[in-house]
Amino acid sequence: DYGKKHLIQGMVVDIETLQPVSAHQLNTSQPKQQTSVDVTTIPVNNAVIMGNPKGSKKLYVFTDPDCPYCRKGHEELQKLAKIAPDVAIYIMLFPLPMHPASYDKSRSVIETMSLDLLDKAFAGKDIPKPKNESSKKAIDEIVKFANANGINGTPTMVLPDGTIQVGMRNAETMKKMLEGK
């Protein structure tokens, strides 16, 4: 820097002590980003299934009805269900804290397991309020799984081999990913 007290190279370093200088507490114990999960541990009993429920290929999508990226991704998942008849798409409703209304929307969808209600939620339309306390447990179980396995944003896909893919792809790309191409 101009005062010749700090060396700036990605981080600010005090020249005398060679220690990082920061305006906030340094957190060097960041957990390593997880790149895969054991798909047998995903709480699929709480998932809404799009596509072919008996499909031999399974795609797990952690998504939030109020997330704008998830809304676009939902349209691609609908296309994927049409072009890939052997795919079961497990919709894991994962409401993010930044979207407070999505928790109740997710609960309502889980209570009915209705694809129509799921589509309405992603379209931003009004849906009925949740009625059962059991839906809280179901959504909380998905959130707990996601947090424990390094899934902290939406949309996030988990491929059949357990590979975590952050973000959404178009339907053709997802089909190729599922075919291993």
# chains A, B, ... in the order shown; residues from 1 in each chain; ligands from 1
call {"tool": "residues_around", "arguments": {"residues": "A:Ile127", "least_positions_apart": "3", "cutoff": "10 Å", "atoms": "only C-alpha atoms", "output": "PyMOL selection string"}}
result
chain A and resi 104-105+108-109+117-118+120-121+124+130
call {"tool": "write_last_selection", "arguments": {"atoms": "all heavy atoms", "output": "mmCIF file, in the first residue's frame"}}
result
data_model
loop_
_atom_site.group_PDB
_atom_site.id
_atom_site.type_symbol
_atom_site.label_atom_id
_atom_site.label_comp_id
_atom_site.auth_asym_id
_atom_site.auth_seq_id
_atom_site.Cartn_x
_atom_site.Cartn_y
_atom_site.Cartn_z
ATOM 1 N N ASP A 104 -44.303 -22.225 3.735
ATOM 2 C CA ASP A 104 -45.701 -22.658 3.745
ATOM 3 C C ASP A 104 -46.136 -23.183 2.385
ATOM 4 O O ASP A 104 -46.920 -24.131 2.298
ATOM 5 C CB ASP A 104 -46.628 -21.538 4.217
ATOM 6 C CG ASP A 104 -46.643 -21.398 5.734
ATOM 7 O OD1 ASP A 104 -46.130 -22.305 6.433
ATOM 8 O OD2 ASP A 104 -47.174 -20.389 6.234
ATOM 9 N N LYS A 105 -45.641 -22.587 1.314
ATOM 10 C CA LYS A 105 -45.955 -23.104 -0.030
ATOM 11 C C LYS A 105 -45.452 -24.541 -0.163
ATOM 12 O O LYS A 105 -46.153 -25.413 -0.665
ATOM 13 C CB LYS A 105 -45.318 -22.236 -1.117
ATOM 14 C CG LYS A 105 -45.967 -20.894 -1.284
ATOM 15 C CD LYS A 105 -45.241 -20.088 -2.347
ATOM 16 C CE LYS A 105 -45.773 -18.670 -2.396
ATOM 17 N NZ LYS A 105 -45.038 -17.828 -3.339
ATOM 18 N N SER A 108 -47.674 -26.911 1.762
ATOM 19 C CA SER A 108 -48.942 -27.176 1.072
ATOM 20 C C SER A 108 -48.758 -28.194 -0.051
ATOM 21 O O SER A 108 -49.579 -29.099 -0.218
ATOM 22 C CB SER A 108 -49.523 -25.885 0.484
ATOM 23 O OG SER A 108 -49.907 -25.018 1.519
ATOM 24 N N VAL A 109 -47.685 -28.060 -0.804
ATOM 25 C CA VAL A 109 -47.424 -29.000 -1.897
ATOM 26 C C VAL A 109 -47.165 -30.394 -1.341
ATOM 27 O O VAL A 109 -47.707 -31.386 -1.842
ATOM 28 C CB VAL A 109 -46.247 -28.513 -2.776
ATOM 29 C CG1 VAL A 109 -45.845 -29.578 -3.780
ATOM 30 C CG2 VAL A 109 -46.605 -27.214 -3.483
ATOM 31 N N LEU A 117 -50.500 -28.456 -7.999
ATOM 32 C CA LEU A 117 -50.214 -27.449 -6.969
ATOM 33 C C LEU A 117 -48.739 -27.017 -7.031
ATOM 34 O O LEU A 117 -48.422 -25.843 -6.861
ATOM 35 C CB LEU A 117 -50.566 -28.006 -5.583
ATOM 36 C CG LEU A 117 -50.836 -26.976 -4.499
ATOM 37 C CD1 LEU A 117 -52.008 -26.080 -4.873
ATOM 38 C CD2 LEU A 117 -51.136 -27.681 -3.185
ATOM 39 N N LEU A 118 -47.857 -27.974 -7.315
ATOM 40 C CA LEU A 118 -46.431 -27.675 -7.476
ATOM 41 C C LEU A 118 -46.235 -26.679 -8.617
ATOM 42 O O LEU A 118 -45.529 -25.673 -8.467
ATOM 43 C CB LEU A 118 -45.657 -28.964 -7.759
ATOM 44 C CG LEU A 118 -44.150 -28.826 -7.976
ATOM 45 C CD1 LEU A 118 -43.448 -28.524 -6.659
ATOM 46 C CD2 LEU A 118 -43.584 -30.094 -8.579
ATOM 47 N N LYS A 120 -48.436 -24.583 -9.835
ATOM 48 C CA LYS A 120 -49.009 -23.292 -9.438
ATOM 49 C C LYS A 120 -48.052 -22.534 -8.515
ATOM 50 O O LYS A 120 -47.888 -21.320 -8.634
ATOM 51 C CB LYS A 120 -50.358 -23.483 -8.754
ATOM 52 C CG LYS A 120 -51.476 -23.821 -9.711
ATOM 53 C CD LYS A 120 -52.788 -24.019 -8.981
ATOM 54 C CE LYS A 120 -53.888 -24.372 -9.980
ATOM 55 N NZ LYS A 120 -55.140 -24.725 -9.325
ATOM 56 N N ALA A 121 -47.428 -23.257 -7.572
ATOM 57 C CA ALA A 121 -46.480 -22.617 -6.649
ATOM 58 C C ALA A 121 -45.316 -22.008 -7.430
ATOM 59 O O ALA A 121 -44.903 -20.877 -7.167
ATOM 60 C CB ALA A 121 -45.975 -23.622 -5.616
ATOM 61 N N GLY A 124 -46.042 -18.824 -9.313
ATOM 62 C CA GLY A 124 -46.278 -17.652 -8.484
ATOM 63 C C GLY A 124 -47.743 -17.410 -8.187
ATOM 64 O O GLY A 124 -48.113 -16.337 -7.722
ATOM 65 N N PRO A 130 -51.102 -24.363 4.262
ATOM 66 C CA PRO A 130 -50.955 -25.726 4.790
ATOM 67 C C PRO A 130 -51.890 -25.956 5.973
ATOM 68 O O PRO A 130 -52.226 -25.022 6.701
ATOM 69 C CB PRO A 130 -49.491 -25.796 5.218
ATOM 70 C CG PRO A 130 -49.081 -24.378 5.429
ATOM 71 C CD PRO A 130 -49.912 -23.556 4.501
#
call {"tool": "select_by_dssp", "arguments": {"residues": "stretch 39-176 of chain A", "states": "strand (DSSP E)", "output": "PyMOL selection string"}}
result
chain A and resi 48-51+57-63+87-93+156-158+164-166
call {"tool": "write_last_selection", "arguments": {"atoms": "N, CA and C atoms", "output": "PDB file, in the first residue's frame"}}
result
ATOM      1  N   VAL A  48     -41.981 -34.794  -4.152  1.00  0.00           N
ATOM      2  CA  VAL A  48     -43.022 -34.849  -5.178  1.00  0.00           C
ATOM      3  C   VAL A  48     -42.314 -35.373  -6.423  1.00  0.00           C
ATOM      4  N   ILE A  49     -42.886 -36.368  -7.080  1.00  0.00           N
ATOM      5  CA  ILE A  49     -42.211 -36.990  -8.216  1.00  0.00           C
ATOM      6  C   ILE A  49     -42.817 -36.508  -9.532  1.00  0.00           C
ATOM      7  N   MET A  50     -41.944 -35.952 -10.371  1.00  0.00           N
ATOM      8  CA  MET A  50     -42.325 -35.579 -11.743  1.00  0.00           C
ATOM      9  C   MET A  50     -41.805 -36.657 -12.673  1.00  0.00           C
ATOM     10  N   GLY A  51     -42.380 -36.734 -13.863  1.00  0.00           N
ATOM     11  CA  GLY A  51     -41.894 -37.706 -14.832  1.00  0.00           C
ATOM     12  C   GLY A  51     -42.440 -39.077 -14.513  1.00  0.00           C
ATOM     13  N   LYS A  57     -33.856 -44.114 -14.184  1.00  0.00           N
ATOM     14  CA  LYS A  57     -32.907 -43.039 -13.856  1.00  0.00           C
ATOM     15  C   LYS A  57     -33.589 -42.088 -12.890  1.00  0.00           C
ATOM     16  N   LYS A  58     -32.847 -41.664 -11.875  1.00  0.00           N
ATOM     17  CA  LYS A  58     -33.416 -40.787 -10.857  1.00  0.00           C
ATOM     18  C   LYS A  58     -32.602 -39.498 -10.760  1.00  0.00           C
ATOM     19  N   LEU A  59     -33.330 -38.380 -10.750  1.00  0.00           N
ATOM     20  CA  LEU A  59     -32.725 -37.069 -10.581  1.00  0.00           C
ATOM     21  C   LEU A  59     -33.375 -36.431  -9.361  1.00  0.00           C
ATOM     22  N   TYR A  60     -32.554 -35.929  -8.447  1.00  0.00           N
ATOM     23  CA  TYR A  60     -33.050 -35.314  -7.214  1.00  0.00           C
ATOM     24  C   TYR A  60     -32.780 -33.808  -7.329  1.00  0.00           C
ATOM     25  N   VAL A  61     -33.832 -32.995  -7.197  1.00  0.00           N
ATOM     26  CA  VAL A  61     -33.682 -31.556  -7.379  1.00  0.00           C
ATOM     27  C   VAL A  61     -34.130 -30.832  -6.113  1.00  0.00           C
ATOM     28  N   PHE A  62     -33.184 -30.143  -5.470  1.00  0.00           N
ATOM     29  CA  PHE A  62     -33.480 -29.333  -4.285  1.00  0.00           C
ATOM     30  C   PHE A  62     -33.838 -27.943  -4.807  1.00  0.00           C
ATOM     31  N   THR A  63     -35.084 -27.536  -4.531  1.00  0.00           N
ATOM     32  CA  THR A  63     -35.625 -26.351  -5.174  1.00  0.00           C
ATOM     33  C   THR A  63     -36.543 -25.581  -4.239  1.00  0.00           C
ATOM     34  N   VAL A  87     -37.140 -41.262 -16.709  1.00  0.00           N
ATOM     35  CA  VAL A  87     -36.551 -40.506 -15.607  1.00  0.00           C
ATOM     36  C   VAL A  87     -37.601 -40.165 -14.552  1.00  0.00           C
ATOM     37  N   ALA A  88     -37.260 -40.470 -13.313  1.00  0.00           N
ATOM     38  CA  ALA A  88     -38.062 -40.042 -12.159  1.00  0.00           C
ATOM     39  C   ALA A  88     -37.359 -38.813 -11.579  1.00  0.00           C
ATOM     40  N   ILE A  89     -38.080 -37.701 -11.524  1.00  0.00           N
ATOM     41  CA  ILE A  89     -37.507 -36.452 -11.001  1.00  0.00           C
ATOM     42  C   ILE A  89     -38.085 -36.226  -9.612  1.00  0.00           C
ATOM     43  N   TYR A  90     -37.238 -36.361  -8.604  1.00  0.00           N
ATOM     44  CA  TYR A  90     -37.655 -36.179  -7.218  1.00  0.00           C
ATOM     45  C   TYR A  90     -37.495 -34.703  -6.850  1.00  0.00           C
ATOM     46  N   ILE A  91     -38.624 -34.029  -6.665  1.00  0.00           N
ATOM     47  CA  ILE A  91     -38.610 -32.615  -6.294  1.00  0.00           C
ATOM     48  C   ILE A  91     -38.511 -32.529  -4.772  1.00  0.00           C
ATOM     49  N   MET A  92     -37.349 -32.083  -4.309  1.00  0.00           N
ATOM     50  CA  MET A  92     -37.087 -31.943  -2.882  1.00  0.00           C
ATOM     51  C   MET A  92     -37.288 -30.470  -2.529  1.00  0.00           C
ATOM     52  N   LEU A  93     -38.434 -30.139  -1.960  1.00  0.00           N
ATOM     53  CA  LEU A  93     -38.743 -28.741  -1.654  1.00  0.00           C
ATOM     54  C   LEU A  93     -37.875 -28.261  -0.495  1.00  0.00           C
ATOM     55  N   THR A 156     -30.326 -27.011  -6.789  1.00  0.00           N
ATOM     56  CA  THR A 156     -29.204 -27.941  -6.730  1.00  0.00           C
ATOM     57  C   THR A 156     -29.714 -29.314  -7.150  1.00  0.00           C
ATOM     58  N   MET A 157     -28.991 -29.933  -8.076  1.00  0.00           N
ATOM     59  CA  MET A 157     -29.367 -31.264  -8.547  1.00  0.00           C
ATOM     60  C   MET A 157     -28.411 -32.303  -7.971  1.00  0.00           C
ATOM     61  N   VAL A 158     -28.952 -33.481  -7.703  1.00  0.00           N
ATOM     62  CA  VAL A 158     -28.122 -34.626  -7.336  1.00  0.00           C
ATOM     63  C   VAL A 158     -28.388 -35.691  -8.392  1.00  0.00           C
ATOM     64  N   ILE A 164     -23.236 -33.930  -6.850  1.00  0.00           N
ATOM     65  CA  ILE A 164     -23.987 -32.696  -6.616  1.00  0.00           C
ATOM     66  C   ILE A 164     -23.653 -31.706  -7.725  1.00  0.00           C
ATOM     67  N   GLN A 165     -24.690 -31.178  -8.375  1.00  0.00           N
ATOM     68  CA  GLN A 165     -24.544 -30.161  -9.411  1.00  0.00           C
ATOM     69  C   GLN A 165     -25.315 -28.926  -8.962  1.00  0.00           C
ATOM     70  N   VAL A 166     -24.607 -27.843  -8.685  1.00  0.00           N
ATOM     71  CA  VAL A 166     -25.263 -26.602  -8.273  1.00  0.00           C
ATOM     72  C   VAL A 166     -25.778 -25.912  -9.529  1.00  0.00           C
TER      73      VAL A 166
END
call {"tool": "residues_around", "arguments": {"residues": "stretch 131-143 of chain A", "least_positions_apart": "2", "cutoff": "9 Å", "atoms": "only C-alpha atoms", "output": "VMD selection string"}}
result
chain A and resid 42 to 47 62 92 to 96 103 to 104 106 to 111 128 to 129 145 to 148 151 to 152
call {"tool": "atom_distance", "arguments": {"atom1": "atom CA of A:Leu115", "atom2": "atom CA of A:Gly73"}}
result
15.1 Å
call {"tool": "atom_distance", "arguments": {"atom1": "atom CA of A:Lys176", "atom2": "atom CA of A:Glu76"}}
result
13.5 Å
call {"tool": "select_by_dssp", "arguments": {"residues": "stretch 8-157 of chain A", "states": "alpha helix (DSSP H)", "output": "VMD selection string"}}
result
chain A and resid 68 to 83 102 to 112 115 to 123 134 to 148
call {"tool": "residues_around", "arguments": {"residues": "A:Ala171", "least_positions_apart": "2", "cutoff": "9 Å", "atoms": "only C-alpha atoms", "output": "MDAnalysis selection string"}}
result
chainID A and resid 73 75:81 83:84 169 173:176
call {"tool": "write_last_selection", "arguments": {"atoms": "N, CA, C and O atoms", "output": "mmCIF file, in the first residue's frame"}}
result
data_model
loop_
_atom_site.group_PDB
_atom_site.id
_atom_site.type_symbol
_atom_site.label_atom_id
_atom_site.label_comp_id
_atom_site.auth_asym_id
_atom_site.auth_seq_id
_atom_site.Cartn_x
_atom_site.Cartn_y
_atom_site.Cartn_z
ATOM 1 N N GLY A 73 -35.911 -23.177 -13.829
ATOM 2 C CA GLY A 73 -35.505 -24.582 -13.818
ATOM 3 C C GLY A 73 -36.696 -25.527 -13.819
ATOM 4 O O GLY A 73 -36.644 -26.595 -14.417
ATOM 5 N N GLU A 75 -39.495 -25.134 -15.336
ATOM 6 C CA GLU A 75 -39.942 -25.267 -16.725
ATOM 7 C C GLU A 75 -39.073 -26.274 -17.471
ATOM 8 O O GLU A 75 -39.572 -27.085 -18.256
ATOM 9 N N GLU A 76 -37.765 -26.253 -17.208
ATOM 10 C CA GLU A 76 -36.856 -27.206 -17.866
ATOM 11 C C GLU A 76 -37.108 -28.635 -17.367
ATOM 12 O O GLU A 76 -37.006 -29.588 -18.133
ATOM 13 N N LEU A 77 -37.447 -28.762 -16.087
ATOM 14 C CA LEU A 77 -37.760 -30.099 -15.557
ATOM 15 C C LEU A 77 -39.027 -30.648 -16.204
ATOM 16 O O LEU A 77 -39.120 -31.855 -16.481
ATOM 17 N N GLN A 78 -40.005 -29.779 -16.455
ATOM 18 C CA GLN A 78 -41.228 -30.215 -17.137
ATOM 19 C C GLN A 78 -40.895 -30.709 -18.544
ATOM 20 O O GLN A 78 -41.425 -31.723 -18.987
ATOM 21 N N LYS A 79 -39.994 -30.006 -19.231
ATOM 22 C CA LYS A 79 -39.563 -30.433 -20.573
ATOM 23 C C LYS A 79 -38.812 -31.759 -20.482
ATOM 24 O O LYS A 79 -39.020 -32.649 -21.314
ATOM 25 N N LEU A 80 -37.945 -31.886 -19.469
ATOM 26 C CA LEU A 80 -37.183 -33.123 -19.282
ATOM 27 C C LEU A 80 -38.124 -34.303 -19.093
ATOM 28 O O LEU A 80 -37.905 -35.374 -19.667
ATOM 29 N N ALA A 81 -39.175 -34.121 -18.306
ATOM 30 C CA ALA A 81 -40.136 -35.201 -18.069
ATOM 31 C C ALA A 81 -40.762 -35.671 -19.374
ATOM 32 O O ALA A 81 -41.063 -36.862 -19.528
ATOM 33 N N ILE A 83 -39.277 -35.373 -22.554
ATOM 34 C CA ILE A 83 -38.304 -35.927 -23.511
ATOM 35 C C ILE A 83 -37.526 -37.123 -22.968
ATOM 36 O O ILE A 83 -36.819 -37.779 -23.728
ATOM 37 N N ALA A 84 -37.641 -37.390 -21.682
ATOM 38 C CA ALA A 84 -36.912 -38.515 -21.073
ATOM 39 C C ALA A 84 -37.903 -39.379 -20.286
ATOM 40 O O ALA A 84 -38.045 -39.215 -19.074
ATOM 41 N N ARG A 169 -29.757 -26.861 -15.451
ATOM 42 C CA ARG A 169 -29.369 -26.929 -16.864
ATOM 43 C C ARG A 169 -30.642 -26.996 -17.702
ATOM 44 O O ARG A 169 -31.716 -27.233 -17.180
ATOM 45 N N THR A 173 -29.573 -30.846 -21.890
ATOM 46 C CA THR A 173 -28.320 -31.063 -21.158
ATOM 47 C C THR A 173 -28.533 -32.029 -20.005
ATOM 48 O O THR A 173 -27.727 -32.937 -19.776
ATOM 49 N N MET A 174 -29.649 -31.847 -19.269
ATOM 50 C CA MET A 174 -29.924 -32.760 -18.151
ATOM 51 C C MET A 174 -30.118 -34.187 -18.657
ATOM 52 O O MET A 174 -29.651 -35.134 -18.040
ATOM 53 N N LYS A 175 -30.801 -34.346 -19.788
ATOM 54 C CA LYS A 175 -31.016 -35.682 -20.362
ATOM 55 C C LYS A 175 -29.684 -36.330 -20.665
ATOM 56 O O LYS A 175 -29.443 -37.498 -20.335
ATOM 57 N N LYS A 176 -28.768 -35.570 -21.281
ATOM 58 C CA LYS A 176 -27.430 -36.093 -21.604
ATOM 59 C C LYS A 176 -26.662 -36.444 -20.342
ATOM 60 O O LYS A 176 -25.965 -37.450 -20.286
#
call {"tool": "decode", "arguments": {"residues": "stretch 65-81 of chain A", "atoms": "N, CA, C and O atoms", "output": "JSON list (two decimals), in the first residue's frame"}}
result
[["chain", "number", "residue", "atom", "x", "y", "z"],
["A", 65, "PRO", "N", -39.84, -22.80, -4.30],
["A", 65, "PRO", "CA", -40.86, -22.21, -5.17],
["A", 65, "PRO", "C", -40.74, -20.70, -5.38],
["A", 65, "PRO", "O", -41.25, -20.18, -6.36],
["A", 66, "ASP", "N", -40.07, -19.99, -4.49],
["A", 66, "ASP", "CA", -39.93, -18.54, -4.64],
["A", 66, "ASP", "C", -38.58, -18.12, -5.21],
["A", 66, "ASP", "O", -38.30, -16.93, -5.32],
["A", 67, "CYS", "N", -37.76, -19.07, -5.57],
["A", 67, "CYS", "CA", -36.45, -18.78, -6.16],
["A", 67, "CYS", "C", -36.63, -18.55, -7.66],
["A", 67, "CYS", "O", -37.14, -19.43, -8.35],
["A", 68, "PRO", "N", -36.21, -17.39, -8.19],
["A", 68, "PRO", "CA", -36.40, -17.12, -9.62],
["A", 68, "PRO", "C", -35.64, -18.11, -10.52],
["A", 68, "PRO", "O", -36.13, -18.47, -11.58],
["A", 69, "TYR", "N", -34.48, -18.58, -10.09],
["A", 69, "TYR", "CA", -33.73, -19.55, -10.87],
["A", 69, "TYR", "C", -34.43, -20.91, -10.87],
["A", 69, "TYR", "O", -34.45, -21.62, -11.87],
["A", 70, "CYS", "N", -35.03, -21.23, -9.73],
["A", 70, "CYS", "CA", -35.78, -22.49, -9.63],
["A", 70, "CYS", "C", -37.02, -22.46, -10.50],
["A", 70, "CYS", "O", -37.41, -23.47, -11.07],
["A", 71, "ARG", "N", -37.64, -21.29, -10.60],
["A", 71, "ARG", "CA", -38.85, -21.16, -11.45],
["A", 71, "ARG", "C", -38.50, -21.46, -12.90],
["A", 71, "ARG", "O", -39.21, -22.19, -13.58],
["A", 72, "LYS", "N", -37.39, -20.90, -13.37],
["A", 72, "LYS", "CA", -36.96, -21.20, -14.74],
["A", 72, "LYS", "C", -36.57, -22.68, -14.85],
["A", 72, "LYS", "O", -36.87, -23.34, -15.84],
["A", 73, "GLY", "N", -35.91, -23.18, -13.83],
["A", 73, "GLY", "CA", -35.51, -24.58, -13.82],
["A", 73, "GLY", "C", -36.70, -25.53, -13.82],
["A", 73, "GLY", "O", -36.64, -26.60, -14.42],
["A", 74, "HIS", "N", -37.78, -25.12, -13.16],
["A", 74, "HIS", "CA", -38.98, -25.96, -13.11],
["A", 74, "HIS", "C", -39.53, -26.18, -14.52],
["A", 74, "HIS", "O", -39.95, -27.29, -14.86],
["A", 75, "GLU", "N", -39.50, -25.13, -15.34],
["A", 75, "GLU", "CA", -39.94, -25.27, -16.73],
["A", 75, "GLU", "C", -39.07, -26.27, -17.47],
["A", 75, "GLU", "O", -39.57, -27.08, -18.26],
["A", 76, "GLU", "N", -37.76, -26.25, -17.21],
["A", 76, "GLU", "CA", -36.86, -27.21, -17.87],
["A", 76, "GLU", "C", -37.11, -28.63, -17.37],
["A", 76, "GLU", "O", -37.01, -29.59, -18.13],
["A", 77, "LEU", "N", -37.45, -28.76, -16.09],
["A", 77, "LEU", "CA", -37.76, -30.10, -15.56],
["A", 77, "LEU", "C", -39.03, -30.65, -16.20],
["A", 77, "LEU", "O", -39.12, -31.86, -16.48],
["A", 78, "GLN", "N", -40.01, -29.78, -16.46],
["A", 78, "GLN", "CA", -41.23, -30.21, -17.14],
["A", 78, "GLN", "C", -40.89, -30.71, -18.54],
["A", 78, "GLN", "O", -41.43, -31.72, -18.99],
["A", 79, "LYS", "N", -39.99, -30.01, -19.23],
["A", 79, "LYS", "CA", -39.56, -30.43, -20.57],
["A", 79, "LYS", "C", -38.81, -31.76, -20.48],
["A", 79, "LYS", "O", -39.02, -32.65, -21.31],
["A", 80, "LEU", "N", -37.94, -31.89, -19.47],
["A", 80, "LEU", "CA", -37.18, -33.12, -19.28],
["A", 80, "LEU", "C", -38.12, -34.30, -19.09],
["A", 80, "LEU", "O", -37.91, -35.37, -19.67],
["A", 81, "ALA", "N", -39.18, -34.12, -18.31],
["A", 81, "ALA", "CA", -40.14, -35.20, -18.07],
["A", 81, "ALA", "C", -40.76, -35.67, -19.37],
["A", 81, "ALA", "O", -41.06, -36.86, -19.53]]
